[in-house]
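A.B. asks: Okay, here's the structure, questions in a sec.
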Amino acid sequence: MNANWYEHYTRWNECESLDPELRQQLTAMHADEKQLADCFSAPIAFGTGGMRGVMEPGINRINLYTIRKVSAGLALYLLETYPDLTVKKVAIAYDSRKHSQLFARETAKVLGQYGITTCIFNQLTPTPLLSFAVRHYCACAGVVITASHNPPEYNGYKIYGADGGQITLATAERLMEHIAAAGNELDITPPSEQELYKNGLLHYIDDSLLQAYLEKVQQLRVHPDLSPAIREQVKIVFTPLHGTTHDSITRGLDFFGYTQVRVVEEQAVPDPNFSTVASPNPEEPEAFRLAIAYAKQEDADIIMGTDPDGDRLGVLVKNLAGDYVVLTGNQLGALLLHYLLDTKHKKGELPSNGIVLKTIVTSEMGRAIATDFGVSTEDTLTGFKYIGEKIEAYQKSGAYVFQFGYEESYGYLIGDFVRDKDAVQTALLLADMCAYAKSHQKSLYAAMNDLFSRYGHYAETLVSFTCKGADGMQKISATMASLRNQPPSHIATHPITAIEDYVSGLRTDCQTRTSTPLTLPATDTIKYFFNDHSWFCVRPSGTEPKIKIYLGVKGTNQRHAQERLAALKQSVLKELGFHTD
């Protein structure tokens with residue numbers, strides 16, 4: 001046996017006060033040495049997105065004790081960073097997953113043990129409202145207990161900085177040092193919640209926060225003059241997919257004047273098992289099976305669905321045949337972007353130094369739209385935290401005025417009073433966009449086709465391969481190493497014209513063999529370009545045991561674009577040695 005993992009296992013196994021549920025799980029896995037080694041081999045990974053993992057015993061899992069230890073590390077970091085006790089305040093939220101409320105309260109208790117005041121939501125809360133709360137309460141940090149759209153057995157711990165954005169890499173590295181210094185996770189025994197509340201170190205966030213947020217979203221409306229009669233014609237089916245957004249979105253739609261809203265009843269109640277879906281992910285069309293049935297009954301204009309923590313929004317619209325079809329993240333982003341820029345342009349409200357922020361794997365259609373309105377576009381690395389960092393930097397420098405930020409994975413941001421992707425504000429502005437189209441006798445499906453005709457027929461896709469355990473991680477590492485050591489020069493018969501390697505920080509022109517530096521931070525990602533507007537990008541996931549392959553093309557029409565995309569996908573997967581069923 002490896003002494004390192006066995007030492008940690010023994011320490012847990014001999015702990016007399018171990019949580020009963022974890023004790024039962026630990027006993028059940030005592031004969032599975034491989035599983036024990038995986039649970040106890042090393043501390044759970046912690047990065048800019050915090051930590052995320054399966055809820056099981058062990059230092060490499062999410063559980064009561066690893067939550068306490070990372071909270072102690074956060075406390076030590078905040079004490080070092082903010083010596084004045086009066087400014088140390090942390091906002092805390094949690095989603096609908098098993099143990100999320102428990103983990104949130106344990107976080108508050110550990111921080112309180114160090115003299116840090118916490119403000120914890122008294123009900124399930126979408127992640128973007130946590131980001132808003134950090135800024136609203138002038139907190140120095142925020143924590144949300146969530147695993148987004150991961151399977152039910154997962155949970156996680158995400159940290160936000162004083163700007164309301166996810167923490168930077170430099171902050172994550174300092175936090176890891178403090179987490180390590182927090183000592184034996186089994187020895188952390190925080191005071192009771194009642195004691196902290198009595199001493200003024202714990203406060204509960206009530207309903208007034210949501211109202212303040214909705215009033216901010218109200219200010220984003222570019223067509224507040226839409227008539228009540230038009231708004232009342234918009235028929236919406238909404239599903240929170242057993243997550244956190246039911247109250248915020250239904251109240252928001254009512255506040256915005258949308259009365260024909262039908263909630264999918266089977267998915268309205270929070271459920272940690274997400275019992276009606278295979279995956280609570282609005283990127284998966286299957287998640288909308290029940291919502292589509294509702295939409296057909298109601299003859300709805302749009303279907304909206306959010307992931308459990310409320311930062312991603314999936315949308316279906318009705319096509320010319322009356323069927324409900326998915327808008328990809330890139331397509332919804334293009335629609336929202338054009339709606340916002342076009343309206344501001346017509347009103348004379350578009351700033352001369354406006355900027356759109358998107359990730360390197362998001363469609364180039366957004367750049368084409370922004371360019372048409374004289375607005376700059378800047379790419380960031382994958383992950384909305386990088387968009388949040390840019391918003392903060394440009395707000396301080398004044399170099400650009402933020403207009404819109406989005407990523408292909410169904411994440412959007414219109415108003416920068418939130419510094420993360422926000423499905424709630426997006427859903428409310430989407431309703432306005434639908435009403436505006438209806439006032440011009442158009443559907444959102446028709447509006448999307450108008451954009452294709454004007455800017456080009458773009459199409460994109462993502463293929464993910466799950467590679468679990470140590471063997472899986474080795475396969476991912478070997479794939480990335482092979483791409484760097486033996487980079488392909490062609491895919492099928494198409495020559496690769498340029499390669500961007502975000503580890504080396506270089507863009508290489510494959511024809512001239514010259515390299516130019518990239519301005520983005522180092523990350524394990526490689527992107528390949530062809531001379532016909534096609535591209536693909538390969539990167540390991542930062543939050544799941546997956547390798548992700550993004551592909552994009554531009555065609556003469558939608559059918560041509562989809563044919564080109566299918567051919568590129570087949571050729572790239574063959575080149576990389578991956579196969580789909």
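If you're wondering about the labels, chains in the structure tokens are A, B, ... by order shown, residues count from 1 in each chain, ligands from 1 in order shown.
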Which residues come within 9 Å of A:Ile391, counting only C-alpha atoms, excluding same-chain residues fewer than 6 positions away, as a PDB file with C-alpha atoms, in the first residue's frame?

C.D. replies:
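result_0.pdb was written with the following content:
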```pdb
ATOM      1  CA  LEU A 357     -16.115  40.086 -24.210  1.00  0.00           C
ATOM      2  CA  TYR A 400     -13.623  50.455 -22.593  1.00  0.00           C
ATOM      3  CA  VAL A 401     -17.270  50.431 -21.571  1.00  0.00           C
ATOM      4  CA  PHE A 402     -18.659  46.922 -21.145  1.00  0.00           C
ATOM      5  CA  ASP A 416     -21.964  44.397 -14.724  1.00  0.00           C
ATOM      6  CA  ARG A 419     -19.560  39.730 -12.314  1.00  0.00           C
TER       7      ARG A 419
END
```

A.B. asks: At a cut-off of 12 Å, using only C-alpha atoms, what residues contact stretch 6-21 of chain A? Leave out same-chain residues fewer than 2 positions from it and give the result as a ChimeraX atom specification.

C.D. replies: /A:1-4,23-30,33-43,55-60,63-65,99,184-189

A.B. asks: Selected residues, C-alpha atoms, written as a JSON list (two decimals), in the first residue's frame, please.

C.D. replies:
```json
[["chain", "number", "residue", "atom", "x", "y", "z"],
["A", 1, "MET", "CA", 0.00, 0.00, 0.00],
["A", 2, "ASN", "CA", 1.04, 3.61, -0.64],
["A", 3, "ALA", "CA", 1.91, 4.93, 2.82],
["A", 4, "ASN", "CA", 0.78, 8.46, 2.00],
["A", 23, "ARG", "CA", -18.44, 6.63, 8.75],
["A", 24, "GLN", "CA", -21.00, 4.43, 7.03],
["A", 25, "GLN", "CA", -19.55, 5.24, 3.59],
["A", 26, "LEU", "CA", -16.00, 4.67, 4.78],
["A", 27, "THR", "CA", -16.91, 1.29, 6.21],
["A", 28, "ALA", "CA", -18.61, 0.28, 2.96],
["A", 29, "MET", "CA", -15.48, 0.99, 0.90],
["A", 30, "HIS", "CA", -12.93, -0.57, 3.28],
["A", 33, "GLU", "CA", -8.15, -0.21, -2.06],
["A", 34, "LYS", "CA", -8.29, 1.61, -5.40],
["A", 35, "GLN", "CA", -11.24, 3.72, -4.28],
["A", 36, "LEU", "CA", -9.66, 4.44, -0.91],
["A", 37, "ALA", "CA", -6.43, 5.50, -2.59],
["A", 38, "ASP", "CA", -8.36, 7.87, -4.83],
["A", 39, "CYS", "CA", -10.27, 9.33, -1.87],
["A", 40, "PHE", "CA", -7.21, 9.85, 0.32],
["A", 41, "SER", "CA", -4.21, 10.21, -2.02],
["A", 42, "ALA", "CA", -4.07, 14.02, -2.13],
["A", 43, "PRO", "CA", -6.11, 17.06, -1.07],
["A", 55, "MET", "CA", -19.48, 13.79, -1.79],
["A", 56, "GLU", "CA", -17.60, 10.96, -0.07],
["A", 57, "PRO", "CA", -15.12, 10.49, 2.77],
["A", 58, "GLY", "CA", -11.52, 11.53, 2.21],
["A", 59, "ILE", "CA", -9.29, 14.54, 1.67],
["A", 60, "ASN", "CA", -9.85, 14.28, -2.10],
["A", 63, "ASN", "CA", -17.48, 16.51, 2.71],
["A", 64, "LEU", "CA", -18.05, 18.26, 6.02],
["A", 65, "TYR", "CA", -14.33, 18.24, 6.87],
["A", 99, "HIS", "CA", -25.81, 19.00, 1.99],
["A", 184, "ASN", "CA", -5.89, 18.64, 10.31],
["A", 185, "GLU", "CA", -9.40, 19.01, 8.88],
["A", 186, "LEU", "CA", -10.76, 16.60, 11.53],
["A", 187, "ASP", "CA", -9.68, 18.94, 14.34],
["A", 188, "ILE", "CA", -11.63, 22.00, 13.15],
["A", 189, "THR", "CA", -14.62, 22.36, 15.50]]
```

A.B. asks: Which residues, written as a VMD selection string, have at least one atom at most 10 Å from A:Glu460, with only C-alpha atoms counted and residues fewer than 4 positions away on the same chain left out?

C.D. replies: chain A and resid 328 to 331 361 to 364 408 534 to 536 550 to 554 561 to 562 565 to 566 569

A.B. asks: Those residues with N, CA, C and O atoms, as a compact mmCIF listing (two decimals), in the first residue's frame please?

C.D. replies:
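As a result, selection.txt now contains:
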```
# COMPACT_ATOMS: atom_id res chain seq x y z
N THR A 328 -28.55 27.36 -29.73
CA THR A 328 -27.28 27.09 -29.08
C THR A 328 -26.86 28.30 -28.26
O THR A 328 -27.39 29.41 -28.42
N GLY A 329 -25.89 28.09 -27.38
CA GLY A 329 -25.38 29.22 -26.61
C GLY A 329 -24.84 30.32 -27.50
O GLY A 329 -25.01 31.52 -27.22
N ASN A 330 -24.18 29.94 -28.58
CA ASN A 330 -23.67 30.93 -29.52
C ASN A 330 -24.80 31.69 -30.20
O ASN A 330 -24.70 32.89 -30.44
N GLN A 331 -25.88 31.00 -30.55
CA GLN A 331 -26.99 31.65 -31.26
C GLN A 331 -27.75 32.61 -30.34
O GLN A 331 -28.07 33.74 -30.74
N VAL A 361 -13.42 30.03 -27.36
CA VAL A 361 -14.17 28.95 -28.01
C VAL A 361 -15.60 29.37 -28.34
O VAL A 361 -16.43 28.54 -28.71
N THR A 362 -15.89 30.65 -28.21
CA THR A 362 -17.20 31.18 -28.57
C THR A 362 -17.20 31.62 -30.03
O THR A 362 -16.19 32.07 -30.56
N SER A 363 -18.34 31.49 -30.68
CA SER A 363 -18.48 31.76 -32.10
C SER A 363 -17.93 33.12 -32.53
O SER A 363 -18.08 34.11 -31.82
N GLU A 364 -17.36 33.14 -33.73
CA GLU A 364 -16.89 34.40 -34.31
C GLU A 364 -18.04 35.26 -34.82
O GLU A 364 -17.83 36.41 -35.24
N GLU A 408 -19.96 30.20 -25.09
CA GLU A 408 -20.80 29.24 -25.83
C GLU A 408 -21.58 28.31 -24.92
O GLU A 408 -22.61 27.78 -25.33
N SER A 534 -12.76 27.94 -40.47
CA SER A 534 -12.97 26.79 -39.58
C SER A 534 -11.88 26.77 -38.50
O SER A 534 -10.78 27.29 -38.70
N TRP A 535 -12.19 26.15 -37.39
CA TRP A 535 -11.23 26.03 -36.29
C TRP A 535 -11.67 24.90 -35.36
O TRP A 535 -12.81 24.48 -35.38
N PHE A 536 -10.73 24.43 -34.56
CA PHE A 536 -11.09 23.55 -33.44
C PHE A 536 -10.13 23.81 -32.29
O PHE A 536 -9.02 24.32 -32.48
N TYR A 550 -13.80 21.61 -29.06
CA TYR A 550 -14.71 22.61 -29.63
C TYR A 550 -14.41 22.75 -31.12
O TYR A 550 -13.24 22.73 -31.53
N LEU A 551 -15.46 22.90 -31.93
CA LEU A 551 -15.27 23.04 -33.37
C LEU A 551 -16.20 24.13 -33.89
O LEU A 551 -17.31 24.30 -33.41
N GLY A 552 -15.73 24.88 -34.90
CA GLY A 552 -16.54 25.91 -35.50
C GLY A 552 -16.27 26.06 -36.98
O GLY A 552 -15.13 25.86 -37.44
N VAL A 553 -17.32 26.38 -37.75
CA VAL A 553 -17.20 26.57 -39.20
C VAL A 553 -18.09 27.74 -39.62
O VAL A 553 -18.91 28.24 -38.84
N LYS A 554 -17.94 28.13 -40.89
CA LYS A 554 -18.83 29.12 -41.52
C LYS A 554 -19.19 28.60 -42.90
O LYS A 554 -18.31 28.20 -43.66
N ALA A 561 -23.30 24.74 -43.64
CA ALA A 561 -22.51 24.89 -42.42
C ALA A 561 -22.56 23.62 -41.56
O ALA A 561 -21.53 23.16 -41.04
N GLN A 562 -23.74 23.02 -41.42
CA GLN A 562 -23.87 21.80 -40.62
C GLN A 562 -23.13 20.63 -41.27
O GLN A 562 -22.53 19.80 -40.56
N LEU A 565 -19.51 21.18 -40.56
CA LEU A 565 -19.22 20.94 -39.15
C LEU A 565 -19.14 19.44 -38.87
O LEU A 565 -18.23 18.97 -38.15
N ALA A 566 -20.06 18.65 -39.43
CA ALA A 566 -20.06 17.20 -39.23
C ALA A 566 -18.79 16.58 -39.79
O ALA A 566 -18.18 15.69 -39.17
N LYS A 569 -15.79 17.55 -37.52
CA LYS A 569 -15.85 16.79 -36.28
C LYS A 569 -15.34 15.37 -36.50
O LYS A 569 -14.51 14.87 -35.72
```

A.B. asks: At what distance in Å, to one decimal, does atom CA of A:Glu500 lie from atom CA of A:Glu575?

C.D. replies: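 Interatomic distance here is 17.9 Å.
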
A.B. asks: As a VMD selection string, please: the residues near stretch 77-93 of chain A (cut-off 6 Å, only C-alpha atoms, same-chain neighbours under 4 positions excluded).

C.D. replies: chain A and resid 116 to 121 125 134 139 to 144

A.B. asks: Mind writing the picked residues with all heavy atoms as an mmCIF file, in the first residue's frame?

C.D. replies:
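Below is the file result.cif, written as the result:
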```cif
data_model
loop_
_atom_site.group_PDB
_atom_site.id
_atom_site.type_symbol
_atom_site.label_atom_id
_atom_site.label_comp_id
_atom_site.auth_asym_id
_atom_site.auth_seq_id
_atom_site.Cartn_x
_atom_site.Cartn_y
_atom_site.Cartn_z
ATOM 1 N N ILE A 116 -14.797 36.612 11.668
ATOM 2 C CA ILE A 116 -15.242 37.186 10.399
ATOM 3 C C ILE A 116 -16.771 37.143 10.340
ATOM 4 O O ILE A 116 -17.384 36.096 10.546
ATOM 5 C CB ILE A 116 -14.625 36.433 9.213
ATOM 6 C CG1 ILE A 116 -13.103 36.593 9.233
ATOM 7 C CG2 ILE A 116 -15.204 36.923 7.879
ATOM 8 C CD1 ILE A 116 -12.366 35.724 8.235
ATOM 9 N N THR A 117 -17.375 38.276 10.036
ATOM 10 C CA THR A 117 -18.832 38.380 9.945
ATOM 11 C C THR A 117 -19.312 37.782 8.626
ATOM 12 O O THR A 117 -18.731 38.034 7.574
ATOM 13 C CB THR A 117 -19.273 39.848 10.029
ATOM 14 O OG1 THR A 117 -18.822 40.400 11.272
ATOM 15 C CG2 THR A 117 -20.787 39.973 9.924
ATOM 16 N N THR A 118 -20.383 37.015 8.670
ATOM 17 C CA THR A 118 -20.945 36.431 7.454
ATOM 18 C C THR A 118 -22.400 36.843 7.285
ATOM 19 O O THR A 118 -23.113 37.075 8.258
ATOM 20 C CB THR A 118 -20.859 34.890 7.470
ATOM 21 O OG1 THR A 118 -21.561 34.383 8.615
ATOM 22 C CG2 THR A 118 -19.423 34.427 7.491
ATOM 23 N N CYS A 119 -22.804 36.955 6.019
ATOM 24 C CA CYS A 119 -24.191 37.216 5.652
ATOM 25 C C CYS A 119 -24.628 36.034 4.806
ATOM 26 O O CYS A 119 -24.151 35.874 3.672
ATOM 27 C CB CYS A 119 -24.314 38.511 4.856
ATOM 28 S SG CYS A 119 -23.693 39.970 5.715
ATOM 29 N N ILE A 120 -25.504 35.202 5.313
ATOM 30 C CA ILE A 120 -25.883 33.981 4.616
ATOM 31 C C ILE A 120 -27.342 34.074 4.162
ATOM 32 O O ILE A 120 -28.208 34.540 4.912
ATOM 33 C CB ILE A 120 -25.653 32.739 5.521
ATOM 34 C CG1 ILE A 120 -25.917 31.446 4.748
ATOM 35 C CG2 ILE A 120 -26.465 32.802 6.785
ATOM 36 C CD1 ILE A 120 -25.446 30.194 5.492
ATOM 37 N N PHE A 121 -27.588 33.673 2.936
ATOM 38 C CA PHE A 121 -28.961 33.678 2.427
ATOM 39 C C PHE A 121 -29.811 32.701 3.231
ATOM 40 O O PHE A 121 -29.349 31.610 3.604
ATOM 41 C CB PHE A 121 -28.981 33.284 0.955
ATOM 42 C CG PHE A 121 -28.581 34.395 0.019
ATOM 43 C CD1 PHE A 121 -27.248 34.600 -0.314
ATOM 44 C CD2 PHE A 121 -29.536 35.245 -0.525
ATOM 45 C CE1 PHE A 121 -26.875 35.629 -1.172
ATOM 46 C CE2 PHE A 121 -29.173 36.274 -1.383
ATOM 47 C CZ PHE A 121 -27.831 36.468 -1.712
ATOM 48 N N THR A 125 -30.386 30.060 -3.377
ATOM 49 C CA THR A 125 -30.132 31.304 -4.102
ATOM 50 C C THR A 125 -29.276 31.058 -5.337
ATOM 51 O O THR A 125 -28.270 30.345 -5.259
ATOM 52 C CB THR A 125 -29.400 32.306 -3.184
ATOM 53 O OG1 THR A 125 -30.209 32.557 -2.040
ATOM 54 C CG2 THR A 125 -29.117 33.613 -3.907
ATOM 55 N N VAL A 134 -22.256 40.300 -2.913
ATOM 56 C CA VAL A 134 -20.907 40.700 -2.504
ATOM 57 C C VAL A 134 -20.733 42.204 -2.706
ATOM 58 O O VAL A 134 -20.250 42.921 -1.818
ATOM 59 C CB VAL A 134 -19.843 39.922 -3.298
ATOM 60 C CG1 VAL A 134 -18.453 40.501 -3.053
ATOM 61 C CG2 VAL A 134 -19.857 38.440 -2.912
ATOM 62 N N ALA A 139 -18.949 43.428 0.679
ATOM 63 C CA ALA A 139 -18.239 42.322 1.320
ATOM 64 C C ALA A 139 -16.843 42.170 0.711
ATOM 65 O O ALA A 139 -16.584 42.622 -0.410
ATOM 66 C CB ALA A 139 -19.021 41.024 1.167
ATOM 67 N N CYS A 140 -15.963 41.534 1.424
ATOM 68 C CA CYS A 140 -14.609 41.315 0.905
ATOM 69 C C CYS A 140 -14.509 39.983 0.171
ATOM 70 O O CYS A 140 -13.499 39.717 -0.485
ATOM 71 C CB CYS A 140 -13.581 41.381 2.020
ATOM 72 S SG CYS A 140 -13.781 40.138 3.310
ATOM 73 N N ALA A 141 -15.549 39.157 0.285
ATOM 74 C CA ALA A 141 -15.527 37.862 -0.408
ATOM 75 C C ALA A 141 -16.933 37.277 -0.418
ATOM 76 O O ALA A 141 -17.827 37.740 0.306
ATOM 77 C CB ALA A 141 -14.559 36.888 0.270
ATOM 78 N N GLY A 142 -17.101 36.271 -1.241
ATOM 79 C CA GLY A 142 -18.352 35.532 -1.294
ATOM 80 C C GLY A 142 -18.072 34.061 -1.490
ATOM 81 O O GLY A 142 -17.053 33.682 -2.072
ATOM 82 N N VAL A 143 -18.972 33.228 -0.996
ATOM 83 C CA VAL A 143 -18.862 31.776 -1.155
ATOM 84 C C VAL A 143 -20.216 31.250 -1.606
ATOM 85 O O VAL A 143 -21.247 31.649 -1.047
ATOM 86 C CB VAL A 143 -18.448 31.071 0.153
ATOM 87 C CG1 VAL A 143 -18.494 29.556 -0.012
ATOM 88 C CG2 VAL A 143 -17.068 31.514 0.596
ATOM 89 N N VAL A 144 -20.216 30.375 -2.601
ATOM 90 C CA VAL A 144 -21.447 29.685 -2.969
ATOM 91 C C VAL A 144 -21.174 28.191 -2.990
ATOM 92 O O VAL A 144 -20.157 27.741 -3.536
ATOM 93 C CB VAL A 144 -22.006 30.177 -4.320
ATOM 94 C CG1 VAL A 144 -21.032 29.963 -5.454
ATOM 95 C CG2 VAL A 144 -23.339 29.514 -4.628
#
```

A.B. asks: Counting only C-alpha atoms, which residue out of A:Ile369, A:His579, A:Asp379, A:Thr48 sits closest to A:Arg174?

C.D. replies: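 Checking each of A:Ile369, A:His579, A:Asp379, A:Thr48 against A:Arg174, counting only C-alpha atoms, the winner is A:Thr48.
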
A.B. asks: Can you check which parts of stretch 204-288 of chain A lie within 10 Å of stretch 423-439 of chain A? Per residue, the shortest pair of atoms and distance in Å to one decimal, counting only C-alpha atoms, sorted by chain and number, as JSON lines.

C.D. replies:
```
{"residue": "A:Tyr213", "atom": "CA", "partner": "A:Gln425", "partner_atom": "CA", "distance": 9.1}
{"residue": "A:Leu214", "atom": "CA", "partner": "A:Gln425", "partner_atom": "CA", "distance": 8.2}
{"residue": "A:Lys216", "atom": "CA", "partner": "A:Gln425", "partner_atom": "CA", "distance": 9.3}
{"residue": "A:Val217", "atom": "CA", "partner": "A:Gln425", "partner_atom": "CA", "distance": 6.1}
{"residue": "A:Gln218", "atom": "CA", "partner": "A:Leu428", "partner_atom": "CA", "distance": 8.9}
{"residue": "A:Leu220", "atom": "CA", "partner": "A:Leu429", "partner_atom": "CA", "distance": 7.9}
{"residue": "A:Arg221", "atom": "CA", "partner": "A:Leu429", "partner_atom": "CA", "distance": 6.8}
{"residue": "A:Val222", "atom": "CA", "partner": "A:Asp432", "partner_atom": "CA", "distance": 8.6}
{"residue": "A:His223", "atom": "CA", "partner": "A:Asp432", "partner_atom": "CA", "distance": 7.2}
{"residue": "A:Pro224", "atom": "CA", "partner": "A:Asp432", "partner_atom": "CA", "distance": 8.3}
{"residue": "A:Asp225", "atom": "CA", "partner": "A:Tyr436", "partner_atom": "CA", "distance": 10.0}
{"residue": "A:Leu226", "atom": "CA", "partner": "A:Tyr436", "partner_atom": "CA", "distance": 7.1}
{"residue": "A:Ser227", "atom": "CA", "partner": "A:Ser439", "partner_atom": "CA", "distance": 9.0}
{"residue": "A:Pro228", "atom": "CA", "partner": "A:Ala435", "partner_atom": "CA", "distance": 9.9}
{"residue": "A:Ala229", "atom": "CA", "partner": "A:Ala435", "partner_atom": "CA", "distance": 9.8}
{"residue": "A:Ile230", "atom": "CA", "partner": "A:Ala435", "partner_atom": "CA", "distance": 6.2}
{"residue": "A:Arg231", "atom": "CA", "partner": "A:Ala435", "partner_atom": "CA", "distance": 5.7}
{"residue": "A:Glu232", "atom": "CA", "partner": "A:Ala435", "partner_atom": "CA", "distance": 8.7}
{"residue": "A:Gln233", "atom": "CA", "partner": "A:Ala435", "partner_atom": "CA", "distance": 7.8}
{"residue": "A:Val234", "atom": "CA", "partner": "A:Ala435", "partner_atom": "CA", "distance": 6.1}
{"residue": "A:Lys235", "atom": "CA", "partner": "A:Ala431", "partner_atom": "CA", "distance": 9.2}
{"residue": "A:Ile236", "atom": "CA", "partner": "A:Ala431", "partner_atom": "CA", "distance": 8.1}
{"residue": "A:Phe238", "atom": "CA", "partner": "A:Ala427", "partner_atom": "CA", "distance": 9.5}
{"residue": "A:Thr245", "atom": "CA", "partner": "A:Val424", "partner_atom": "CA", "distance": 7.3}
{"residue": "A:His246", "atom": "CA", "partner": "A:Val424", "partner_atom": "CA", "distance": 9.8}
{"residue": "A:Ser248", "atom": "CA", "partner": "A:Val424", "partner_atom": "CA", "distance": 7.0}
{"residue": "A:Ile249", "atom": "CA", "partner": "A:Val424", "partner_atom": "CA", "distance": 5.8}
{"residue": "A:Thr250", "atom": "CA", "partner": "A:Leu428", "partner_atom": "CA", "distance": 9.4}
{"residue": "A:Gly252", "atom": "CA", "partner": "A:Leu428", "partner_atom": "CA", "distance": 6.6}
{"residue": "A:Leu253", "atom": "CA", "partner": "A:Leu428", "partner_atom": "CA", "distance": 6.1}
{"residue": "A:Asp254", "atom": "CA", "partner": "A:Leu428", "partner_atom": "CA", "distance": 9.6}
{"residue": "A:Phe255", "atom": "CA", "partner": "A:Leu428", "partner_atom": "CA", "distance": 9.4}
{"residue": "A:Phe256", "atom": "CA", "partner": "A:Leu428", "partner_atom": "CA", "distance": 7.4}
{"residue": "A:Gly257", "atom": "CA", "partner": "A:Asp432", "partner_atom": "CA", "distance": 9.6}
{"residue": "A:Tyr258", "atom": "CA", "partner": "A:Ala431", "partner_atom": "CA", "distance": 7.8}
```

A.B. asks: Hey, which of A:Glu215, A:Leu169, A:Ile547, A:Ala180 ends up closest to A:Gly472? Count only C-alpha atoms.

C.D. replies: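 The closest residue to A:Gly472 is A:Ile547.
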
A.B. asks: I need the residues of stretch 345-385 of chain A that end up classed as helix (DSSP H, G or I) by DSSP on the backbone, written out as a PyMOL selection string.

C.D. replies: chain A and resi 345-347+365-372+384-385

A.B. asks: Just to be explicit: take each residue in the selection above, keep C-alpha atoms, and write the result as a short mmCIF file (atom, residue, chain, number, x, y, z; two decimals), in the first residue's frame.

C.D. replies:
```
data_model
loop_
_atom_site.label_atom_id
_atom_site.label_comp_id
_atom_site.auth_asym_id
_atom_site.auth_seq_id
_atom_site.Cartn_x
_atom_site.Cartn_y
_atom_site.Cartn_z
CA HIS A 345 -27.27 52.46 -31.80
CA LYS A 346 -30.72 53.61 -32.90
CA LYS A 347 -31.13 55.56 -29.67
CA MET A 365 -20.40 35.53 -35.21
CA GLY A 366 -20.34 37.77 -32.15
CA ARG A 367 -17.25 39.57 -33.43
CA ALA A 368 -18.94 40.11 -36.81
CA ILE A 369 -21.99 41.66 -35.13
CA ALA A 370 -19.95 43.89 -32.82
CA THR A 371 -17.76 45.08 -35.69
CA ASP A 372 -20.87 46.05 -37.65
CA PHE A 384 -16.44 33.44 -17.13
CA LYS A 385 -14.03 34.50 -14.41
#
```

A.B. asks: Mind checking DSSP for stretch 509-567 of chain A and telling me the strand (DSSP E) residues as a list in words?

C.D. replies: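 Answer for stretch 509-567 of chain A, restricted to strand (DSSP E): Asp509, Thr514, Ser515, Thr516, Pro517, Ile526, Lys527, Tyr528, Phe529, Trp535, Phe536, Cys537, Val538, Arg539, Pro540, Lys546, Ile547, Lys548, Ile549, Tyr550, Leu551, Gly552, Val553, Lys554 and Gly555 of chain A.
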
A.B. asks: Can you work out which one of A:Met473, A:Ala287, A:Val356, A:Val70 has the shortest atom-to-atom distance to A:Gly374, counting only C-alpha atoms?

C.D. replies: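 Looking at the shortest contact to A:Gly374, the residue is A:Val356.
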
A.B. asks: Could you pull the residues within 12 Å of A:Glu349, counting only C-alpha atoms, minus those fewer than 5 positions along the same chain, as a count of residues only?

C.D. replies: 10

A.B. asks: Could you check the closest approach to A:Asp299 for each of A:Asp524, A:Glu284, A:Glu106, A:Asp323 and tell me which residue wins, using only C-alpha atoms?

C.D. replies: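 Distance minimum relative to A:Asp299 lands on A:Asp323.
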
A.B. asks: Would you mind listing what lies within 7 Å of A:Leu327 as a ChimeraX atom specification, with only C-alpha atoms counted and same-chain residues fewer than 3 positions away left out?

C.D. replies: /A:315-316,331-332
